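Asks: Pasting start.cif here (mmCIF, C-alpha atoms):
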data_run
#
loop_
_atom_site.label_atom_id
_atom_site.label_comp_id
_atom_site.auth_asym_id
_atom_site.auth_seq_id
_atom_site.Cartn_x
_atom_site.Cartn_y
_atom_site.Cartn_z
CA MET C 23 149.59 62.86 224.99
CA THR C 24 147.76 65.91 223.62
CA GLU C 25 145.42 65.81 220.65
CA ARG C 26 148.00 67.77 218.71
CA VAL C 27 150.66 65.11 219.19
CA GLU C 28 148.31 62.35 218.09
CA ASP C 29 147.48 64.35 215.05
CA PHE C 30 151.20 64.84 214.49
CA PHE C 31 152.10 61.15 214.40
CA GLU C 32 149.03 59.88 212.60
CA VAL C 33 149.67 58.08 209.30
CA ARG C 34 148.27 60.52 206.75
CA ARG C 35 149.32 59.30 203.31
CA HIS C 36 147.62 55.96 202.62
CA ALA C 37 145.98 55.96 206.06
CA GLU C 38 144.64 52.44 205.32
CA ARG C 39 148.21 51.15 205.59
CA GLY C 40 148.62 52.52 209.11
CA SER C 41 148.53 50.56 212.36
CA TYR C 42 148.91 51.67 215.94
CA GLN C 43 148.87 48.15 217.43
CA ARG C 44 151.81 47.51 219.71
CA SER C 45 152.11 43.87 218.60
CA VAL C 46 152.50 45.01 214.98
CA ILE C 47 154.95 47.78 215.91
CA ASP C 48 157.02 45.50 218.17
CA ALA C 49 157.34 42.75 215.55
CA ILE C 50 158.80 45.23 213.03
CA LEU C 51 161.17 46.78 215.60
CA ASP C 52 162.34 43.30 216.63
CA GLU C 53 162.96 42.02 213.09
CA ALA C 54 164.93 45.04 211.85
CA PHE C 55 168.66 45.11 212.60
CA PHE C 56 168.99 48.87 212.45
CA CYS C 57 166.99 52.06 212.61
CA THR C 58 167.54 55.64 211.46
CA VAL C 59 167.48 58.33 214.13
CA GLY C 60 166.54 61.91 213.32
CA PHE C 61 167.27 64.86 215.58
CA VAL C 62 167.91 68.56 215.33
CA ASP C 63 171.44 69.90 215.83
CA GLU C 64 171.79 73.67 215.90
CA GLY C 65 168.51 74.02 214.04
CA ARG C 66 169.45 71.55 211.32
CA PRO C 67 167.97 68.08 210.82
CA VAL C 68 170.43 65.19 211.17
CA VAL C 69 169.80 61.51 210.38
CA ILE C 70 172.04 58.68 211.56
CA PRO C 71 171.64 54.92 211.09
CA THR C 72 172.31 52.82 214.19
CA ILE C 73 171.60 49.42 215.76
CA HIS C 74 168.66 49.27 218.15
CA VAL C 75 167.02 46.79 220.48
CA ARG C 76 163.54 46.86 221.92
CA VAL C 77 163.45 46.43 225.68
CA GLY C 78 159.82 46.16 226.77
CA ASP C 79 158.12 49.48 226.07
CA THR C 80 161.32 51.20 224.96
CA VAL C 81 163.84 51.27 222.15
CA VAL C 82 167.44 51.30 223.36
CA LEU C 83 170.32 52.80 221.39
CA HIS C 84 173.96 52.44 222.38
CA GLY C 85 177.40 53.60 221.42
CA SER C 86 180.43 55.56 222.45
CA PRO C 87 180.06 58.29 225.08
CA ALA C 88 181.62 60.59 222.44
CA SER C 89 178.75 60.05 219.96
CA ARG C 90 177.11 63.32 218.99
CA MET C 91 173.79 61.54 218.58
CA LEU C 92 173.83 59.94 222.02
CA ARG C 93 175.00 63.14 223.70
CA THR C 94 172.13 65.02 222.03
CA LEU C 95 169.55 62.37 222.90
CA LYS C 96 170.56 61.90 226.53
CA ALA C 97 170.35 65.67 226.98
CA GLY C 98 166.61 65.26 226.28
CA ALA C 99 166.45 66.67 222.74
CA PRO C 100 163.39 65.32 220.89
CA CYS C 101 164.17 62.71 218.26
CA ALA C 102 162.38 60.56 215.72
CA ILE C 103 163.16 56.96 214.82
CA SER C 104 162.36 55.11 211.63
CA VAL C 105 162.68 51.39 210.90
CA THR C 106 161.98 49.98 207.45
CA ILE C 107 161.87 46.40 206.20
CA PHE C 108 161.78 46.17 202.41
CA ASP C 109 159.61 43.26 201.24
CA GLY C 110 159.37 43.65 197.50
CA LEU C 111 158.85 45.64 194.33
CA VAL C 112 155.26 46.02 193.19
CA LEU C 113 155.01 46.08 189.40
CA ALA C 114 151.73 47.52 188.19
CA ARG C 115 150.63 47.67 184.56
CA SER C 116 151.11 51.44 184.67
CA VAL C 117 154.36 53.05 185.80
CA PHE C 118 152.29 55.44 187.92
CA ASN C 119 150.93 52.64 190.13
CA HIS C 120 154.27 50.95 190.77
CA SER C 121 154.97 50.67 194.46
CA MET C 122 156.95 48.74 197.04
CA ASN C 123 155.89 46.31 199.73
CA TYR C 124 157.35 47.19 203.09
CA ARG C 125 156.81 47.21 206.82
CA SER C 126 157.90 50.37 208.60
CA VAL C 127 157.64 51.96 212.02
CA VAL C 128 158.04 55.60 212.87
CA LEU C 129 158.44 56.91 216.42
CA LEU C 130 157.97 60.65 216.78
CA ASP C 131 158.45 63.04 219.67
CA CYS C 132 160.80 60.66 221.51
CA LYS C 133 162.62 61.95 224.55
CA GLY C 134 165.61 59.91 225.64
CA ARG C 135 166.74 58.89 229.10
CA GLU C 136 170.28 57.71 229.71
CA ILE C 137 170.50 54.28 231.28
CA THR C 138 172.96 54.73 234.15
CA ASP C 139 172.15 51.78 236.38
CA ARG C 140 174.83 49.11 235.91
CA ASP C 141 172.44 46.15 235.92
CA GLU C 142 170.00 47.86 233.56
CA LYS C 143 172.89 48.52 231.15
CA TRP C 144 173.99 44.89 231.43
CA GLU C 145 170.48 43.63 230.65
CA ALA C 146 170.11 45.92 227.61
CA MET C 147 173.49 44.74 226.28
CA ARG C 148 172.43 41.14 226.79
CA LEU C 149 169.13 41.66 224.97
CA LEU C 150 170.86 43.46 222.08
CA THR C 151 173.41 40.66 221.65
CA GLN C 152 170.73 37.96 221.87
CA LYS C 153 168.59 39.84 219.33
CA LEU C 154 171.38 39.94 216.76
CA VAL C 155 172.59 36.36 217.29
CA PRO C 156 170.54 34.24 219.71
CA GLY C 157 172.97 32.16 221.78
CA ARG C 158 175.88 34.55 221.36
CA TRP C 159 175.75 36.17 224.81
CA GLU C 160 176.60 32.92 226.63
CA ASP C 161 179.44 32.11 224.21
CA ALA C 162 181.31 35.39 223.75
CA ARG C 163 183.31 37.17 226.45
CA GLN C 164 180.77 39.29 228.32
CA PRO C 165 181.47 42.98 229.01
CA ASN C 166 183.79 43.88 231.88
CA GLU C 167 183.20 46.88 234.14
CA LYS C 168 185.44 49.13 232.05
CA GLU C 169 183.51 48.24 228.87
CA ILE C 170 180.15 48.80 230.57
CA LYS C 171 181.34 52.26 231.61
CA ALA C 172 182.58 52.92 228.05
CA THR C 173 179.10 52.23 226.60
CA THR C 174 176.43 54.90 226.62
CA LEU C 175 172.87 53.60 226.44
CA VAL C 176 169.81 55.74 225.82
CA SER C 177 166.26 54.49 226.31
CA LEU C 178 163.36 55.94 224.28
CA PRO C 179 159.71 55.19 225.06
CA ILE C 180 157.57 53.56 222.36
CA ASP C 181 154.85 56.13 222.65
CA SER C 182 153.89 58.22 219.62
CA ALA C 183 154.48 55.24 217.35
CA SER C 184 152.87 54.08 214.15
CA ALA C 185 153.45 51.21 211.76
CA LYS C 186 152.83 51.41 208.04
CA ILE C 187 152.56 48.29 205.94
CA ARG C 188 152.01 47.71 202.25
CA LYS C 189 151.57 44.14 201.06
CA GLY C 190 149.92 42.25 198.27
CA PRO C 191 149.59 42.71 194.51
CA PRO C 192 149.58 45.97 192.53
CA VAL C 193 146.44 48.06 192.25
CA ASP C 194 145.92 49.33 188.70
CA GLU C 195 143.40 51.64 187.10
CA GLU C 196 140.47 49.46 186.06
CA GLU C 197 141.00 50.11 182.34
CA ASP C 198 144.68 49.09 182.58
CA TYR C 199 143.89 45.48 183.59
CA GLU C 200 143.34 44.72 179.92
CA LEU C 201 146.89 45.73 178.94
CA PRO C 202 149.23 42.91 177.87
CA VAL C 203 151.77 43.84 180.57
CA TRP C 204 153.12 41.46 183.22
CA ALA C 205 152.11 42.62 186.70
CA GLY C 206 152.86 41.26 190.16
CA VAL C 207 155.35 41.43 192.99
CA VAL C 208 159.08 40.70 193.01
CA PRO C 209 159.64 39.67 196.65
CA TYR C 210 162.87 40.59 198.43
CA ARG C 211 164.29 39.26 201.67
CA LEU C 212 167.43 39.86 203.67
CA ARG C 213 169.22 36.51 203.78
CA SER C 214 172.30 35.41 205.67
CA GLY C 215 175.14 33.62 203.93
CA SER C 216 177.77 31.17 205.19
CA PRO C 217 179.61 32.49 208.25
CA ASP C 218 183.08 33.71 207.28
CA PRO C 219 185.66 32.91 210.00
CA ASP C 220 188.10 35.58 211.19
CA PRO C 221 191.51 34.97 209.50
CA ARG C 222 193.02 34.81 212.99
CA LEU C 223 190.61 32.11 214.20
CA PRO C 224 192.40 28.81 215.04
CA ARG C 225 191.15 25.91 212.89
CA THR C 226 190.37 23.97 216.06
CA ILE C 227 187.47 26.29 216.90
CA GLU C 228 184.34 24.99 215.20
CA LEU C 229 181.32 26.94 214.08
CA PRO C 230 178.96 27.10 217.06
CA ARG C 231 175.59 25.37 216.86
CA TYR C 232 173.67 28.70 216.99
CA LEU C 233 175.29 29.74 213.70
CA ARG C 234 174.61 26.54 211.75
CA MET W 1 180.30 75.58 201.36
CA THR W 2 181.57 77.23 204.53
CA GLU W 3 184.08 75.63 206.86
CA ARG W 4 181.33 75.28 209.43
CA VAL W 5 179.20 73.18 207.10
CA GLU W 6 182.09 70.87 206.26
CA ASP W 7 182.75 70.45 209.93
CA PHE W 8 179.06 69.68 210.38
CA PHE W 9 178.92 66.81 207.91
CA GLU W 10 182.30 65.28 208.61
CA VAL W 11 182.29 61.66 209.76
CA ARG W 12 183.38 61.95 213.39
CA ARG W 13 182.87 58.56 215.01
CA HIS W 14 185.24 56.04 213.38
CA ALA W 15 186.56 58.69 210.99
CA GLU W 16 188.63 55.97 209.26
CA ARG W 17 185.38 54.54 207.89
CA GLY W 18 184.44 57.80 206.21
CA SER W 19 184.66 58.63 202.53
CA TYR W 20 183.79 61.78 200.61
CA GLN W 21 184.40 60.30 197.15
CA ARG W 22 181.48 60.80 194.81
CA SER W 23 181.97 57.42 193.13
CA VAL W 24 181.66 55.70 196.52
CA ILE W 25 178.66 57.82 197.52
CA ASP W 26 176.92 57.31 194.16
CA ALA W 27 177.34 53.52 194.20
CA ILE W 28 175.62 53.29 197.60
CA LEU W 29 172.81 55.66 196.59
CA ASP W 30 172.27 53.66 193.39
CA GLU W 31 172.20 50.25 195.06
CA ALA W 32 169.77 51.16 197.86
CA PHE W 33 166.05 50.96 197.07
CA PHE W 34 164.99 53.46 199.71
CA CYS W 35 166.29 56.23 201.91
CA THR W 36 165.16 57.87 205.13
CA VAL W 37 164.46 61.59 205.00
CA GLY W 38 164.74 63.78 208.09
CA PHE W 39 163.26 67.25 208.39
CA VAL W 40 161.93 69.58 211.02
CA ASP W 41 158.18 70.17 211.30
CA GLU W 42 157.10 72.84 213.79
CA GLY W 43 160.37 72.45 215.63
CA ARG W 44 160.14 68.67 215.88
CA PRO W 45 162.32 66.18 213.99
CA VAL W 46 160.46 63.88 211.60
CA VAL W 47 161.86 60.85 209.73
CA ILE W 48 160.13 59.21 206.77
CA PRO W 49 161.31 56.31 204.59
CA THR W 50 160.84 56.78 200.85
CA ILE W 51 162.07 55.58 197.47
CA HIS W 52 164.80 57.67 195.84
CA VAL W 53 166.70 57.82 192.58
CA ARG W 54 169.99 59.53 191.85
CA VAL W 55 169.85 61.79 188.80
CA GLY W 56 173.36 63.06 188.13
CA ASP W 57 174.42 65.26 191.01
CA THR W 58 171.05 65.10 192.72
CA VAL W 59 168.79 62.76 194.64
CA VAL W 60 165.17 62.90 193.50
CA LEU W 61 162.21 62.05 195.73
CA HIS W 62 158.66 61.76 194.48
CA GLY W 63 155.13 61.24 195.69
CA SER W 64 151.72 62.73 196.03
CA PRO W 65 151.32 66.52 195.99
CA ALA W 66 149.54 66.04 199.35
CA SER W 67 152.65 64.53 201.02
CA ARG W 68 153.69 66.53 204.08
CA MET W 69 157.32 65.64 203.43
CA LEU W 70 157.32 66.83 199.82
CA ARG W 71 155.42 70.00 200.68
CA THR W 72 157.98 70.77 203.40
CA LEU W 73 160.95 70.00 201.16
CA LYS W 74 159.78 71.93 198.11
CA ALA W 75 159.21 74.95 200.36
CA GLY W 76 162.98 74.90 200.89
CA ALA W 77 163.15 73.55 204.45
CA PRO W 78 166.55 71.94 205.12
CA CYS W 79 166.52 68.16 205.20
CA ALA W 80 168.88 65.27 205.74
CA ILE W 81 168.91 61.95 203.90
CA SER W 82 170.30 58.64 205.05
CA VAL W 83 170.78 55.45 203.03
CA THR W 84 172.01 52.25 204.66
CA ILE W 85 172.93 48.88 203.16
CA PHE W 86 173.37 46.17 205.77
CA ASP W 87 176.15 43.74 204.83
CA GLY W 88 176.61 41.53 207.86
CA LEU W 89 176.96 40.89 211.56
CA VAL W 90 180.49 41.10 212.93
CA LEU W 91 181.02 38.62 215.75
CA ALA W 92 184.04 39.46 217.87
CA ARG W 93 185.36 37.33 220.72
CA SER W 94 184.16 39.99 223.14
CA VAL W 95 180.57 41.24 223.17
CA PHE W 96 181.96 44.79 223.38
CA ASN W 97 183.66 44.56 219.99
CA HIS W 98 180.68 43.15 218.13
CA SER W 99 179.75 45.32 215.17
CA MET W 100 178.00 45.32 211.83
CA ASN W 101 179.30 45.61 208.30
CA TYR W 102 177.45 48.24 206.32
CA ARG W 103 177.66 50.89 203.64
CA SER W 104 175.84 54.11 204.40
CA VAL W 105 175.51 57.60 202.99
CA VAL W 106 174.33 60.69 204.81
CA LEU W 107 173.41 63.94 203.06
CA LEU W 108 173.10 66.93 205.37
CA ASP W 109 171.92 70.48 204.86
CA CYS W 110 169.96 69.58 201.71
CA LYS W 111 167.68 72.19 200.24
CA GLY W 112 165.08 70.90 197.81
CA ARG W 113 163.89 72.29 194.50
CA GLU W 114 160.62 71.18 192.98
CA ILE W 115 160.96 69.77 189.48
CA THR W 116 158.24 71.54 187.52
CA ASP W 117 159.44 71.12 183.93
CA ARG W 118 157.39 68.40 182.25
CA ASP W 119 160.32 66.76 180.44
CA GLU W 120 162.54 66.86 183.51
CA LYS W 121 159.78 65.14 185.49
CA TRP W 122 159.42 62.54 182.74
CA GLU W 123 163.14 61.79 182.74
CA ALA W 124 163.29 61.43 186.54
CA MET W 125 160.32 59.03 186.43
CA ARG W 126 162.03 57.03 183.71
CA LEU W 127 165.30 56.80 185.66
CA LEU W 128 163.48 55.79 188.84
CA THR W 129 161.58 53.02 187.05
CA GLN W 130 164.71 51.79 185.30
CA LYS W 131 166.64 51.81 188.58
CA LEU W 132 164.09 49.59 190.32
CA VAL W 133 163.58 47.19 187.39
CA PRO W 134 165.82 47.73 184.36
CA GLY W 135 163.70 47.19 181.26
CA ARG W 136 160.41 48.01 182.95
CA TRP W 137 159.94 51.52 181.51
CA GLU W 138 159.61 50.28 177.93
CA ASP W 139 157.19 47.52 178.92
CA ALA W 140 154.74 49.17 181.35
CA ARG W 141 152.23 51.85 180.42
CA GLN W 142 154.13 55.11 180.70
CA PRO W 143 152.66 58.06 182.63
CA ASN W 144 150.01 60.18 180.97
CA GLU W 145 149.80 63.96 181.39
CA LYS W 146 147.34 63.69 184.28
CA GLU W 147 149.66 61.30 186.13
CA ILE W 148 152.68 63.51 185.53
CA LYS W 149 150.76 66.43 187.05
CA ALA W 150 149.71 64.24 189.98
CA THR W 151 153.33 63.45 190.83
CA THR W 152 155.41 65.87 192.85
CA LEU W 153 159.17 65.52 192.37
CA VAL W 154 161.79 67.23 194.51
CA SER W 155 165.46 67.37 193.59
CA LEU W 156 168.16 67.59 196.28
CA PRO W 157 171.82 68.32 195.50
CA ILE W 158 174.45 65.75 196.53
CA ASP W 159 176.58 68.31 198.27
CA SER W 160 177.33 67.93 201.97
CA ALA W 161 177.52 64.17 201.57
CA SER W 162 179.58 61.49 203.24
CA ALA W 163 179.77 57.73 203.00
CA LYS W 164 180.62 55.46 205.90
CA ILE W 165 181.68 51.87 205.35
CA ARG W 166 182.63 49.08 207.71
CA LYS W 167 183.86 45.85 206.19
CA GLY W 168 186.05 42.92 207.08
CA PRO W 169 186.58 40.77 210.15
CA PRO W 170 186.11 41.75 213.80
CA VAL W 171 188.78 43.64 215.68
CA ASP W 172 189.32 42.25 219.17
CA GLU W 173 191.44 43.31 222.10
CA GLU W 174 194.83 41.63 221.64
CA GLU W 175 194.47 39.45 224.76
CA ASP W 176 191.05 38.17 223.59
CA TYR W 177 192.45 36.46 220.48
CA GLU W 178 193.44 33.51 222.70
CA LEU W 179 189.84 32.88 223.81
CA PRO W 180 188.20 29.70 222.49
CA VAL W 181 185.33 31.68 220.96
CA TRP W 182 184.28 31.53 217.29
CA ALA W 183 184.75 34.91 215.60
CA GLY W 184 184.02 36.16 212.11
CA VAL W 185 181.32 37.68 209.96
CA VAL W 186 177.82 36.46 209.15
CA PRO W 187 177.20 38.08 205.75
CA TYR W 188 173.73 39.31 204.83
CA ARG W 189 172.34 40.27 201.45
CA LEU W 190 168.99 41.45 200.14
CA ARG W 191 167.89 38.79 197.65
CA SER W 192 164.96 38.68 195.29
CA GLY W 193 162.66 35.67 195.14
CA SER W 194 160.48 34.28 192.35
CA PRO W 195 158.19 36.92 190.86
CA ASP W 196 154.63 36.45 192.12
CA PRO W 197 152.05 37.21 189.40
CA ASP W 198 149.05 39.44 190.14
CA PRO W 199 145.97 37.17 190.69
CA ARG W 200 144.26 39.14 187.90
CA LEU W 201 147.05 38.51 185.38
CA PRO W 202 145.90 36.40 182.39
CA ARG W 203 147.87 33.14 182.10
CA THR W 204 148.77 34.05 178.53
CA ILE W 205 151.08 36.85 179.72
CA GLU W 206 154.51 35.38 180.31
CA LEU W 207 157.18 36.60 182.70
CA PRO W 208 159.21 39.22 180.81
CA ARG W 209 162.86 38.52 180.06
CA TYR W 210 164.07 41.35 182.34
CA LEU W 211 162.54 39.55 185.33
CA ARG W 212 164.01 36.10 184.66
#
Could you rewrite the structure in this file as structure tokens?

Replies:
Amino acid sequence: MTERVEDFFEVRRHAERGSYQRSVIDAILDEAFFCTVGFVDEGRPVVIPTIHVRVGDTVVLHGSPASRMLRTLKAGAPCAISVTIFDGLVLARSVFNHSMNYRSVVLLDCKGREITDRDEKWEAMRLLTQKLVPGRWEDARQPNEKEIKATTLVSLPIDSASAKIRKGPPVDEEEDYELPVWAGVVPYRLRSGSPDPDPRLPRTIELPRYLR
Amino acid sequence: MTERVEDFFEVRRHAERGSYQRSVIDAILDEAFFCTVGFVDEGRPVVIPTIHVRVGDTVVLHGSPASRMLRTLKAGAPCAISVTIFDGLVLARSVFNHSMNYRSVVLLDCKGREITDRDEKWEAMRLLTQKLVPGRWEDARQPNEKEIKATTLVSLPIDSASAKIRKGPPVDEEEDYELPVWAGVVPYRLRSGSPDPDPRLPRTIELPRYLR
């Protein structure tokens, strides 16, 4: 990694919110269900949301072999990945100091490698399924050889990565603390609701333990 | 808009999930708290999450005049914007047909314009504040002239835009419907929790009605 690249991926705005610790970065990547991938297509920037899974020191994306994004990435085009978890609205006394609490990760200068080995594909599919719903892999019908072939997987190294986190109460101008305005944080969280059975599911099939 | 551009922003994968209706696009932009902006910096793709607000036929981003993203965008560099609302995990009988329910919008080939008019800046700040917390603008201390000057706002036309929506139950291979595997959707929703007052807030200041 050259100095220039480090400079390129450094958190510049609100540098105090930045972190380059892999444990911090990994926790955010593992909690988020989806990421947004940026790449350049014929000179133009493109952004696409997609599901991801972290596999060791890499982020793995998957999809149809026909996907423009995956075809671009496996050809080695540089890409960037962003993951954001929204934690709350930060209400300061002044409009100007309103903010949001969040945890985000940005990976820059990623170069993809297609996963072609059958067992490596299998393992990435297993980890992705287990990430989304722990316990699901052993319950659902696992991929057959045709389905494995019909899935393109691209691995991207977690290399030029940074996390950015804002948490805690608002920060107001000192003179504004005297204003009679409510200030604080409205926390937000992504919550799951009651599982909704497929209309074609026989009534004899009960909700599995891992979904209760 | 040339034919080539339309071709460029068309939803290709799962075209049946695509929509180009402004009412559909606007509803997703208005519900989402943040977007991810993609642009090209020295030939390399960059992605940055940021808060947005829709103002009529435009999406407005804001931040510090020192922001690399805003400086790039106001200079007229093409950018792309992605907004994603995660609605649920779709559990099919086969791992291969697992999916997610979501509503997303992608804007491609955006060219920014800096908002320099004082009143136009004011109105965009008001709409942003009201979007995040309706009622907040009239309660908090509104921006002074120094703060207005210290805020850079960039307006991007909603032009080459598409929405992509997946909803409803899983779709399995016909022969898999006989498998004794639970299938359906685990819905997810971003929910707000109890407002958490700033530690420096006097106890005499009650929670405003618009936050109850």

Asks: Tell me which of C:Pro219, C:Lys189, C:Val176, C:Leu113 sits closest to Trp204 in chain C, counting all atoms listed in the file.

Replies: C:Leu113

Asks: Please identify all polymer residues within 7 Å of range 49-62 of chain W, counting only C-alpha atoms, omitting same-chain residues fewer than 3 positions from it, and present them as a list in words.

Replies: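 In the requested form, the answer reads Thr106 of chain C; Leu29, Asp30, Phe33, Phe34, Cys35, Thr36, Val37, Ala124, Leu128, Thr151, Thr152, Leu153, Val154, Ser155, Leu156, Pro157 and Ile158 of chain W.
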
Asks: Check what the PyMOL selection byres ((chain C and resi 86) around 7) selects in the file above and give those residues as a ChimeraX atom specification.

Replies: /C:85,87-89,172-174

Asks: Assuming the chain letters and numbering stay as they are in my file, what does the PyMOL selection byres ((chain W and resi 132) around 12) actually select? List them as a ChimeraX atom specification.

Replies: /C:110-113,117,120-122,208 /W:30-34,51-54,125-131,133-137,210-211

Asks: Report the residues retrieved by the PyMOL selection byres ((chain W and resi 199-204) around 10) from the displayed file, expressed as a list in words.

Replies: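 Evaluating the PyMOL selection byres ((chain W and resi 199-204) around 10) on this file yields Arg115, Gly190, Pro191, Pro192, Tyr199, Glu200, Leu201, Pro202, Val203, Trp204, Ala205 and Gly206 of chain C; Asp196, Pro197, Asp198, Ile205, Glu206 and Leu207 of chain W.
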
Asks: For chain C, which residue out of W:Thr72, W:Ser19, W:Ser82, W:Thr116 is the nearest one, using all atoms listed in the file?

Replies: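 When distances to chain C are compared using all atoms listed in the file, the smallest one comes from W:Ser82.
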
Asks: Considering all atoms listed in the file, can you say which of W:Val185, W:Ala92, W:Ile115, W:Val40 comes closest to Ala162 in chain C?

Replies: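 Looking at the shortest contact to Ala162 in chain C, the residue is W:Ala92.
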
Asks: For the atom pair CA of Ser214 in chain C and CA of Ser94 in chain W, what is the interatomic distance in Å to one decimal place?

Replies: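 Atom-to-atom, CA of Ser214 in chain C to CA of Ser94 in chain W, that is 21.6 Å.
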